file structure_0.cif (mmCIF, C-alpha atoms)
data_query
loop_
_atom_site.label_atom_id
_atom_site.label_comp_id
_atom_site.auth_asym_id
_atom_site.auth_seq_id
_atom_site.Cartn_x
_atom_site.Cartn_y
_atom_site.Cartn_z
CA MET C 1 19.84 -30.18 3.95
CA SER C 2 16.08 -30.61 3.89
CA GLY C 3 15.65 -30.55 0.11
CA ARG C 4 13.82 -33.36 -1.66
CA ASP C 5 15.75 -36.61 -1.60
CA ILE C 6 15.69 -37.23 -5.36
CA ASN C 7 19.12 -37.66 -6.99
CA PRO C 8 20.55 -35.97 -3.89
CA VAL C 9 23.38 -33.52 -4.45
CA ARG C 10 25.72 -32.48 -1.69
CA PHE C 11 26.00 -28.74 -1.33
CA PRO C 12 28.86 -26.97 0.43
CA ASP C 13 28.43 -26.20 4.11
CA THR C 14 29.64 -22.62 3.58
CA MET C 15 29.41 -20.08 0.80
CA LYS C 16 30.71 -16.68 -0.26
CA ALA C 17 28.49 -13.73 0.65
CA VAL C 18 28.70 -9.95 0.58
CA VAL C 19 27.95 -8.64 4.08
CA TYR C 20 28.40 -5.56 6.23
CA ARG C 21 28.24 -5.22 9.98
CA GLU C 22 28.03 -1.45 10.30
CA PHE C 23 26.47 1.32 8.25
CA GLY C 24 28.67 3.57 6.15
CA GLY C 25 30.33 4.02 2.78
CA PRO C 26 31.27 1.34 0.25
CA GLU C 27 34.25 0.33 2.39
CA VAL C 28 31.97 -1.43 4.92
CA LEU C 29 31.21 -4.17 2.37
CA HIS C 30 33.15 -7.40 2.72
CA CYS C 31 33.06 -10.84 1.15
CA GLU C 32 32.90 -13.52 3.86
CA GLU C 33 32.26 -17.23 4.27
CA VAL C 34 28.86 -17.88 5.84
CA ALA C 35 26.68 -20.94 6.33
CA THR C 36 24.87 -22.20 3.24
CA PRO C 37 21.09 -21.95 3.81
CA GLN C 38 18.83 -24.99 3.73
CA ALA C 39 15.57 -25.09 1.84
CA GLY C 40 12.50 -25.57 4.01
CA PRO C 41 9.55 -27.74 2.90
CA ASP C 42 7.90 -24.97 0.84
CA GLU C 43 11.13 -23.39 -0.41
CA VAL C 44 13.71 -23.99 -3.09
CA LEU C 45 17.46 -23.62 -2.94
CA VAL C 46 18.86 -21.56 -5.81
CA LYS C 47 22.33 -20.90 -7.13
CA VAL C 48 22.89 -17.17 -7.66
CA LEU C 49 24.40 -16.45 -11.08
CA ALA C 50 24.35 -12.64 -11.20
CA VAL C 51 22.93 -9.77 -9.11
CA ALA C 52 21.98 -6.26 -10.23
CA ILE C 53 22.76 -3.55 -7.69
CA ASP C 54 19.64 -1.57 -6.88
CA TYR C 55 20.37 2.09 -6.08
CA ILE C 56 18.22 1.78 -2.98
CA GLN C 57 20.77 -0.68 -1.55
CA LEU C 58 23.27 2.19 -1.30
CA HIS C 59 20.79 4.07 0.85
CA ILE C 60 20.21 1.04 3.08
CA ARG C 61 23.95 0.49 3.43
CA ARG C 62 24.27 4.01 4.86
CA GLY C 63 21.58 3.30 7.44
CA GLY C 64 18.42 4.28 5.56
CA SER C 65 15.24 2.23 5.81
CA GLY C 66 15.16 1.55 2.10
CA ARG C 67 11.43 2.10 2.18
CA ILE C 68 9.62 4.29 -0.30
CA GLY C 69 5.87 4.19 0.00
CA SER C 70 3.75 1.26 1.09
CA ALA C 71 4.52 -0.66 4.28
CA ARG C 72 3.10 -3.68 2.45
CA GLU C 73 6.40 -3.96 0.61
CA SER C 74 7.90 -6.59 2.87
CA SER C 75 11.08 -6.85 0.80
CA TYR C 76 12.08 -3.37 1.93
CA GLY C 77 13.77 -2.76 5.25
CA ILE C 78 16.67 -4.64 6.78
CA ALA C 79 17.44 -6.96 9.67
CA GLY C 80 20.80 -7.71 11.20
CA PRO C 81 23.71 -7.40 11.68
CA PRO C 82 25.22 -8.97 9.75
CA TYR C 83 23.47 -7.24 6.87
CA PHE C 84 23.06 -9.00 3.51
CA PRO C 85 22.46 -6.66 0.54
CA GLY C 86 19.44 -7.40 -1.62
CA GLY C 87 18.89 -6.90 -5.32
CA THR C 88 17.33 -8.55 -8.35
CA ALA C 89 19.15 -11.75 -9.27
CA CYS C 90 19.37 -14.33 -12.00
CA VAL C 91 19.20 -17.69 -10.24
CA GLU C 92 19.12 -21.39 -11.11
CA VAL C 93 17.03 -23.84 -9.11
CA ALA C 94 19.34 -26.33 -7.39
CA ALA C 95 17.13 -28.22 -4.89
CA LEU C 96 13.44 -28.48 -4.00
CA GLY C 97 11.86 -28.55 -0.57
CA THR C 98 9.74 -31.59 0.22
CA ASN C 99 6.47 -29.75 -0.51
CA ALA C 100 7.74 -27.59 -3.39
CA LYS C 101 5.71 -28.03 -6.58
CA GLY C 102 5.57 -26.51 -10.02
CA VAL C 103 9.26 -25.58 -10.17
CA GLU C 104 11.80 -27.43 -12.31
CA LEU C 105 15.33 -28.22 -11.21
CA GLY C 106 17.80 -26.32 -13.37
CA SER C 107 15.28 -23.66 -14.40
CA ARG C 108 16.43 -20.05 -14.44
CA HIS C 109 14.52 -17.21 -12.87
CA LEU C 110 14.68 -13.46 -12.33
CA VAL C 111 13.81 -12.84 -8.71
CA GLY C 112 14.31 -10.67 -5.64
CA GLY C 113 13.54 -11.34 -2.01
CA LEU C 114 16.22 -14.01 -1.66
CA ARG C 115 17.22 -15.19 1.79
CA PRO C 116 19.56 -14.38 3.46
CA GLY C 117 20.20 -11.83 0.69
CA SER C 118 20.96 -11.61 -3.02
CA CYS C 119 24.75 -11.23 -3.03
CA VAL C 120 25.38 -14.82 -1.98
CA GLU C 121 26.36 -18.02 -3.77
CA TRP C 122 23.27 -19.92 -2.57
CA ALA C 123 19.90 -18.64 -1.36
CA VAL C 124 16.40 -19.83 -0.58
CA VAL C 125 13.10 -18.47 -1.84
CA ASP C 126 9.47 -19.53 -1.59
CA ALA C 127 8.65 -22.09 -4.29
CA LYS C 128 5.36 -20.38 -5.13
CA ALA C 129 7.25 -17.24 -6.14
CA LEU C 130 8.85 -19.15 -9.03
CA GLN C 131 5.79 -21.00 -10.33
CA PRO C 132 4.49 -20.29 -13.84
CA ARG C 133 0.85 -19.43 -14.42
CA PRO C 134 -1.68 -22.27 -14.29
CA ASP C 135 -1.84 -22.38 -18.10
CA GLY C 136 1.94 -22.75 -18.30
CA ARG C 137 2.59 -19.25 -19.63
CA PRO C 138 5.48 -17.24 -18.11
CA GLY C 139 5.16 -16.11 -14.51
CA THR C 140 6.59 -13.01 -12.90
CA THR C 141 10.08 -14.55 -12.56
CA ALA C 142 10.37 -15.70 -16.17
CA CYS C 143 13.28 -14.33 -18.18
CA PRO C 144 14.29 -14.09 -21.84
CA PRO C 145 15.90 -17.44 -22.76
CA SER C 146 18.48 -15.80 -25.03
CA PHE C 147 19.89 -13.53 -22.30
CA THR C 148 23.09 -14.08 -20.34
CA PRO C 149 22.76 -14.24 -16.52
CA GLU C 150 24.02 -10.65 -16.33
CA GLN C 151 21.43 -9.46 -18.84
CA VAL C 152 18.70 -11.32 -16.99
CA ALA C 153 19.58 -9.66 -13.67
CA ALA C 154 19.64 -6.21 -15.31
CA PHE C 155 16.31 -6.95 -17.01
CA GLY C 156 14.64 -6.94 -13.60
CA TYR C 157 14.15 -3.17 -13.91
CA ALA C 158 12.20 -3.43 -17.16
CA PRO C 159 8.84 -3.81 -15.33
CA VAL C 160 9.56 -0.56 -13.48
CA ALA C 161 10.29 1.29 -16.71
CA TYR C 162 7.20 -0.22 -18.36
CA HIS C 163 4.78 0.53 -15.53
CA THR C 164 6.00 4.06 -14.81
CA LEU C 165 5.73 5.05 -18.46
CA LYS C 166 2.76 3.15 -19.86
CA ILE C 167 0.52 2.53 -16.84
CA ALA C 168 1.28 5.34 -14.39
CA ALA C 169 2.05 8.17 -16.82
CA GLY C 170 -0.14 6.82 -19.64
CA LEU C 171 2.44 7.58 -22.35
CA LYS C 172 0.85 7.41 -25.80
CA ALA C 173 2.09 7.20 -29.37
CA GLY C 174 2.89 10.65 -30.74
CA GLU C 175 3.62 12.19 -27.34
CA THR C 176 7.01 13.51 -26.23
CA VAL C 177 8.64 12.25 -23.03
CA LEU C 178 11.59 13.69 -21.12
CA LEU C 179 13.66 10.91 -19.52
CA HIS C 180 16.11 11.92 -16.79
CA ALA C 181 19.12 9.72 -15.90
CA ALA C 182 18.54 8.04 -19.24
CA ALA C 183 21.89 6.22 -19.30
CA GLY C 184 21.23 4.44 -15.99
CA GLY C 185 20.18 0.84 -15.59
CA THR C 186 16.46 1.64 -15.76
CA GLY C 187 16.84 4.63 -18.06
CA VAL C 188 18.32 2.60 -20.92
CA LEU C 189 15.27 0.34 -20.78
CA ALA C 190 12.92 3.32 -20.59
CA ILE C 191 14.34 4.77 -23.81
CA GLN C 192 13.68 1.57 -25.72
CA LEU C 193 10.22 1.09 -24.24
CA ALA C 194 9.15 4.69 -24.91
CA LYS C 195 10.19 4.28 -28.55
CA SER C 196 8.28 1.00 -28.77
CA PHE C 197 5.20 2.87 -27.50
CA GLY C 198 5.60 5.33 -30.38
CA ALA C 199 6.79 8.31 -28.34
CA ARG C 200 9.41 10.94 -29.11
CA VAL C 201 12.23 10.69 -26.55
CA LEU C 202 14.27 13.55 -25.07
CA ALA C 203 16.98 12.13 -22.79
CA THR C 204 19.30 13.71 -20.23
CA ALA C 205 22.64 12.29 -19.14
CA GLY C 206 25.89 13.62 -17.68
CA SER C 207 28.75 12.75 -20.05
CA PRO C 208 29.45 12.51 -23.80
CA GLU C 209 29.73 8.71 -23.55
CA LYS C 210 26.37 8.45 -21.82
CA LEU C 211 24.78 10.79 -24.36
CA ASP C 212 26.11 8.65 -27.22
CA LEU C 213 24.53 5.60 -25.63
CA THR C 214 21.12 7.25 -25.36
CA ARG C 215 21.27 8.13 -29.06
CA GLU C 216 22.26 4.58 -29.96
CA LEU C 217 19.22 3.32 -28.06
CA GLY C 218 16.88 5.62 -29.97
CA ALA C 219 16.70 8.96 -28.12
CA ASP C 220 15.63 11.72 -30.52
CA LEU C 221 17.50 14.35 -28.52
CA ALA C 222 20.28 13.89 -25.94
CA ILE C 223 20.90 16.70 -23.44
CA ASN C 224 23.93 17.04 -21.17
CA TYR C 225 22.39 18.17 -17.88
CA ARG C 226 25.84 19.09 -16.50
CA THR C 227 26.71 21.60 -19.22
CA ASP C 228 23.39 22.60 -20.78
CA ASP C 229 20.12 24.11 -19.57
CA PHE C 230 17.82 21.15 -20.05
CA VAL C 231 14.68 23.28 -19.68
CA ALA C 232 15.76 25.58 -22.52
CA ALA C 233 16.76 22.59 -24.66
CA VAL C 234 13.40 20.89 -24.13
CA LEU C 235 11.41 24.03 -24.89
CA GLU C 236 13.45 24.63 -28.05
CA ALA C 237 12.93 21.03 -29.17
CA THR C 238 9.17 21.31 -28.65
CA SER C 239 8.74 24.81 -30.13
CA GLY C 240 8.01 26.18 -26.66
CA ARG C 241 5.15 23.76 -25.96
CA GLY C 242 6.94 21.40 -23.57
CA VAL C 243 6.64 17.64 -23.11
CA GLU C 244 3.56 15.61 -22.29
CA VAL C 245 5.42 13.31 -19.87
CA VAL C 246 8.41 13.75 -17.55
CA TRP C 247 10.02 10.57 -16.16
CA GLU C 248 11.84 11.69 -13.02
CA SER C 249 13.88 9.83 -10.41
CA VAL C 250 16.61 12.36 -9.62
CA GLY C 251 14.70 14.72 -7.32
CA GLY C 252 15.81 18.06 -5.95
CA GLU C 253 16.41 20.82 -8.47
CA VAL C 254 15.85 18.48 -11.43
CA PHE C 255 12.34 17.79 -10.16
CA THR C 256 11.65 21.49 -9.62
CA GLN C 257 12.99 22.65 -13.00
CA SER C 258 11.20 19.90 -14.90
CA LEU C 259 7.88 21.59 -14.14
CA ASN C 260 9.00 24.45 -16.36
CA CYS C 261 9.23 22.34 -19.50
CA MET C 262 5.91 20.49 -19.31
CA ALA C 263 3.10 20.96 -21.79
CA GLU C 264 -0.48 21.89 -20.93
CA GLY C 265 -1.99 18.87 -19.16
CA GLY C 266 1.43 17.25 -18.83
CA ARG C 267 2.13 14.38 -16.43
CA MET C 268 5.20 13.87 -14.31
CA VAL C 269 5.86 10.46 -12.77
CA SER C 270 8.23 10.72 -9.79
CA PHE C 271 9.69 7.46 -8.52
CA GLY C 272 12.63 8.35 -6.32
CA SER C 273 15.53 10.71 -5.74
CA ASN C 274 19.30 10.46 -5.54
CA THR C 275 19.25 11.42 -1.86
CA PHE C 276 16.06 9.57 -0.83
CA THR C 277 15.05 12.65 1.16
CA GLY C 278 11.84 13.27 -0.74
CA THR C 279 12.34 17.00 -0.22
CA GLY C 280 12.26 19.78 -2.76
CA GLN C 281 10.79 23.20 -3.37
CA VAL C 282 7.71 23.22 -5.55
CA ASP C 283 6.00 26.21 -7.12
CA PHE C 284 2.38 25.18 -7.57
CA TRP C 285 1.68 27.92 -10.09
CA PRO C 286 2.52 25.69 -13.11
CA PHE C 287 0.13 23.02 -11.79
CA TRP C 288 -2.71 25.53 -11.68
CA VAL C 289 -2.15 27.40 -14.94
CA LYS C 290 -1.12 24.38 -17.05
CA ASN C 291 -3.29 21.65 -15.45
CA LEU C 292 -0.25 19.54 -14.64
CA LYS C 293 -0.43 16.16 -12.93
CA LEU C 294 2.14 14.79 -10.46
CA ILE C 295 2.10 11.01 -10.16
CA GLY C 296 3.91 9.39 -7.27
CA TRP C 297 5.26 5.89 -7.86
CA GLY C 298 6.65 3.47 -5.29
CA GLY C 299 5.67 0.87 -2.72
CA SER C 300 2.54 -0.91 -3.95
CA SER C 301 3.09 0.47 -7.48
CA ASN C 302 6.24 -1.62 -7.65
CA ALA C 303 4.25 -4.74 -6.80
CA GLU C 304 1.68 -3.86 -9.47
CA ALA C 305 4.47 -3.57 -12.05
CA HIS C 306 5.56 -7.16 -11.53
CA THR C 307 2.67 -9.01 -13.11
CA PRO C 308 2.87 -12.02 -15.44
CA GLU C 309 1.20 -10.03 -18.21
CA ILE C 310 3.76 -7.23 -18.09
CA MET C 311 6.67 -9.66 -17.91
CA GLU C 312 5.32 -11.61 -20.89
CA ALA C 313 5.06 -8.40 -22.93
CA LEU C 314 8.61 -7.47 -22.00
CA ILE C 315 9.99 -10.89 -22.89
CA ASP C 316 8.26 -10.68 -26.28
CA LEU C 317 10.01 -7.34 -26.93
CA ALA C 318 13.34 -8.80 -25.82
CA GLN C 319 12.98 -11.86 -28.05
CA ALA C 320 12.16 -9.56 -30.96
CA ASP C 321 15.46 -7.73 -30.22
CA ARG C 322 13.60 -4.53 -29.37
CA LEU C 323 14.55 -4.40 -25.70
CA ARG C 324 17.99 -5.04 -24.23
CA PRO C 325 19.54 -4.07 -20.89
CA VAL C 326 22.96 -2.42 -20.95
CA VAL C 327 25.60 -4.15 -18.83
CA ARG C 328 29.06 -2.58 -18.84
CA HIS C 329 30.23 -3.17 -15.27
CA VAL C 330 30.49 -6.64 -13.72
CA TYR C 331 32.35 -7.12 -10.44
CA PRO C 332 33.08 -10.20 -8.33
CA PHE C 333 31.59 -10.38 -4.84
CA GLY C 334 35.03 -9.64 -3.42
CA ASP C 335 35.00 -6.23 -5.10
CA ALA C 336 31.47 -5.17 -4.15
CA SER C 337 32.79 -1.99 -2.57
CA SER C 338 34.19 -0.83 -5.92
CA ALA C 339 30.85 -1.51 -7.58
CA HIS C 340 28.98 0.60 -5.02
CA ARG C 341 31.58 3.35 -5.27
CA LEU C 342 31.25 3.48 -9.07
CA ILE C 343 27.51 4.09 -8.74
CA GLU C 344 27.89 6.70 -5.99
CA GLU C 345 30.41 8.64 -8.08
CA ARG C 346 27.99 8.72 -11.05
CA LEU C 347 30.47 6.90 -13.27
CA SER C 348 28.37 3.86 -14.12
CA ILE C 349 26.66 3.34 -17.45
CA GLY C 350 23.70 0.99 -17.59
CA LYS C 351 23.38 -1.53 -14.77
CA VAL C 352 26.18 -2.54 -12.39
CA LEU C 353 26.31 -6.27 -11.67
CA LEU C 354 27.91 -8.56 -9.10
CA ARG C 355 28.86 -12.21 -9.66
CA PRO C 356 29.99 -14.88 -7.19
#
call {"tool": "encode", "arguments": {"input": "structure_0.cif", "output": "structure tokens"}}
result
Amino acid sequence: MSGRDINPVRFPDTMKAVVYREFGGPEVLHCEEVATPQAGPDEVLVKVLAVAIDYIQLHIRRGGSGRIGSARESSYGIAGPPYFPGGTACVEVAALGTNAKGVELGSRHLVGGLRPGSCVEWAVVDAKALQPRPDGRPGTTACPPSFTPEQVAAFGYAPVAYHTLKIAAGLKAGETVLLHAAAGGTGVLAIQLAKSFGARVLATAGSPEKLDLTRELGADLAINYRTDDFVAAVLEATSGRGVEVVWESVGGEVFTQSLNCMAEGGRMVSFGSNTFTGTGQVDFWPFWVKNLKLIGWGGSSNAEAHTPEIMEALIDLAQADRLRPVVRHVYPFGDASSAHRLIEERLSIGKVLLRP
């Protein structure tokens, strides 16, 4: 291995990895022994401690491009076979390349873009991606020191929740926000962040257990979208005025109906859909008569969300016990198919994690 020859440690020649060799359902995922990667001169070798399953990985596994938005997002897309699923991971630096600087052995990081993938025991990543800021303050891969590896991996979606709400939608104190899929891995973080911004939170979810969780996290109103008319519930809760902000990643009919419960001058931030089709029927009349704004989020917006300043703000909230990911499902690599199936069947609560 071409890591730095300081207190050399021998690493195994092979490692466990989740791979698939054909596109399809969760059953195509398998845990196999593959060659352990070697760190190049400007890279570091990391030990993967926990991986959060990104919903987009389900789309890629079925043959989708995984790309939403900007072609500058080099982490999207896939090469293979074999295919190695990606995802945001909590890692520990195990070895340094000969030219790697500014990274400490044993330090923990929250990072994506691992090679050959994220669901592996060992991976390599560019050393510069893990470096702190020049003044020593946290960089983009810093993580709350009090978190477990599983919490760290799930925390990787906090920048998305922060940027979509505060930067893209411009959510302000005193406003009301409607959060869809609020019991999901990003939704649970969005609830807590919206409350920290001083907003009133209306949350939708699809089961009594999920609704209870949203209330525990601070939602002012929890709406069962499977059994109730969420538009009517929102209008009743706002005395017919509607909400200033809609946070929407479901798409389809949910996207369309959400336009009917927005206030004058309301903003909707749309950052995905369950089917990744990007299709839906839109009546532009509400946009004209109510001055509504539709804000698309993806691609380069995702890169803009992962700044040191945003991560530092999020870590401060976490250390003050005002922001916590929800982790209720942790699977070993050998049971990755069950983890994917749980998400596809809409049975997961919070983030679903994999561990070696």
call {"tool": "closest_atom_pairs", "arguments": {"input": "structure_0.cif", "of": "region 241-316 of chain C", "to": "region 91-113 of chain C", "cutoff": "12 Å", "atoms": "only C-alpha atoms", "output": "CSV"}}
result
residue,atom,partner,partner_atom,distance
C:Ala303,CA,C:Gly112,CA,11.7
C:His306,CA,C:Val111,CA,10.4
C:Met311,CA,C:Leu110,CA,10.5
C:Ile315,CA,C:Leu110,CA,11.8
call {"tool": "resolve_selection", "arguments": {"input": "structure_0.cif", "expression": "the PyMOL selection byres ((chain C and resi 211-223) around 10)", "output": "JSON, numbers by chain"}}
result
{"C": [176, 178, 179, 180, 181, 182, 183, 184, 187, 188, 189, 190, 191, 192, 193, 194, 195, 196, 199, 200, 201, 202, 203, 204, 205, 206, 207, 208, 209, 210, 224, 225, 226, 227, 228, 229, 230, 231, 233, 234, 237, 322, 323, 324, 326, 349, 350]}
call {"tool": "residues_around", "arguments": {"input": "structure_0.cif", "residues": "His30 (chain C)", "least_positions_apart": "6", "cutoff": "12 Å", "atoms": "all atoms listed in the file", "output": "CSV table (one decimal) with C-alpha atoms, in the frame of the given file"}}
result
chain,number,residue,atom,x,y,z
C,16,LYS,CA,30.7,-16.7,-0.3
C,17,ALA,CA,28.5,-13.7,0.6
C,18,VAL,CA,28.7,-10.0,0.6
C,19,VAL,CA,28.0,-8.6,4.1
C,20,TYR,CA,28.4,-5.6,6.2
C,21,ARG,CA,28.2,-5.2,10.0
C,22,GLU,CA,28.0,-1.4,10.3
C,82,PRO,CA,25.2,-9.0,9.8
C,83,TYR,CA,23.5,-7.2,6.9
C,84,PHE,CA,23.1,-9.0,3.5
C,85,PRO,CA,22.5,-6.7,0.5
C,119,CYS,CA,24.8,-11.2,-3.0
C,120,VAL,CA,25.4,-14.8,-2.0
C,332,PRO,CA,33.1,-10.2,-8.3
C,333,PHE,CA,31.6,-10.4,-4.8
C,334,GLY,CA,35.0,-9.6,-3.4
C,335,ASP,CA,35.0,-6.2,-5.1
C,336,ALA,CA,31.5,-5.2,-4.2
C,337,SER,CA,32.8,-2.0,-2.6
C,338,SER,CA,34.2,-0.8,-5.9
C,340,HIS,CA,29.0,0.6,-5.0
call {"tool": "closest_residue", "arguments": {"input": "structure_0.cif", "among": "C:Gly298, C:Pro159, C:Gly174, C:Gly266", "to": "Ile310 (chain C)", "atoms": "all atoms listed in the file"}}
result
C:Pro159
call {"tool": "resolve_selection", "arguments": {"input": "structure_0.cif", "expression": "the PyMOL selection byres ((chain C and resi 267) around 12)", "output": "ChimeraX atom specification"}}
result
/C:164-172,175-178,242-248,258-259,261-266,268-270,286-287,290-296
call {"tool": "closest_residue", "arguments": {"input": "structure_0.cif", "among": "C:Ala313, C:Ala320, C:Val330, C:Leu354", "to": "Gly86 (chain C)", "atoms": "only C-alpha atoms"}}
result
C:Leu354
call {"tool": "atom_distance", "arguments": {"input": "structure_0.cif", "atom1": "CA of Val46 (chain C)", "atom2": "CA of Val28 (chain C)"}}
result
26.3 Å
call {"tool": "atom_distance", "arguments": {"input": "structure_0.cif", "atom1": "CA of Ala89 (chain C)", "atom2": "CA of Asn302 (chain C)"}}
result
16.5 Å
call {"tool": "residues_around", "arguments": {"input": "structure_0.cif", "residues": "Asp283 (chain C)", "least_positions_apart": "2", "cutoff": "10 Å", "atoms": "only C-alpha atoms", "output": "MDAnalysis selection string"}}
result
chainID C and resid 256:257 259:260 280:281 285:288
call {"tool": "closest_residue", "arguments": {"input": "structure_0.cif", "among": "C:Gly25, C:Pro325, C:Pro356, C:Pro308", "to": "Gln131 (chain C)", "atoms": "only C-alpha atoms"}}
result
C:Pro308
call {"tool": "atom_distance", "arguments": {"input": "structure_0.cif", "atom1": "CA of Glu33 (chain C)", "atom2": "CA of Leu353 (chain C)"}}
result
20.2 Å
call {"tool": "closest_residue", "arguments": {"input": "structure_0.cif", "among": "C:Ser300, C:Gln57, C:Thr14, C:Thr141", "to": "Asn274 (chain C)", "atoms": "all atoms listed in the file"}}
result
C:Gln57
call {"tool": "closest_residue", "arguments": {"input": "structure_0.cif", "among": "C:Thr88, C:Gln151, C:Gln319, C:Ser239", "to": "Ser118 (chain C)", "atoms": "only C-alpha atoms"}}
result
C:Thr88
call {"tool": "closest_residue", "arguments": {"input": "structure_0.cif", "among": "C:Gly63, C:Pro41, C:Gly87, C:Gly198", "to": "Asp126 (chain C)", "atoms": "all atoms listed in the file"}}
result
C:Pro41
call {"tool": "axis_aligned_box", "arguments": {"input": "structure_0.cif", "around": "region 299-311 of chain C", "padding_each_side": "5 Å", "output": "JSON"}}
result
{"center_x": 3.9, "center_y": -5.6, "center_z": -10.5, "size_x": 15.5, "size_y": 22.9, "size_z": 25.5}
call {"tool": "resolve_selection", "arguments": {"input": "structure_0.cif", "expression": "the PyMOL selection byres ((chain C and resi 124) around 6)", "output": "compact mmCIF listing (two decimals) with C-alpha atoms, in the frame of the given file"}}
result
# COMPACT_ATOMS: atom_id res chain seq x y z
CA ALA C 39 15.57 -25.09 1.84
CA VAL C 44 13.71 -23.99 -3.09
CA LEU C 45 17.46 -23.62 -2.94
CA LEU C 114 16.22 -14.01 -1.66
CA ARG C 115 17.22 -15.19 1.79
CA ALA C 123 19.90 -18.64 -1.36
CA VAL C 125 13.10 -18.47 -1.84
call {"tool": "residues_around", "arguments": {"input": "structure_0.cif", "residues": "Pro149 (chain C)", "least_positions_apart": "6", "cutoff": "7 Å", "atoms": "only C-alpha atoms", "output": "VMD selection string"}}
result
chain C and resid 49 to 50 90
call {"tool": "write_last_selection", "arguments": {"input": "structure_0.cif", "atoms": "C-alpha atoms", "output": "tab-separated table (two decimals), in the frame of the given file"}}
result
chain	number	residue	atom	x	y	z
C	49	LEU	CA	24.40	-16.45	-11.08
C	50	ALA	CA	24.35	-12.64	-11.20
C	90	CYS	CA	19.37	-14.33	-12.00
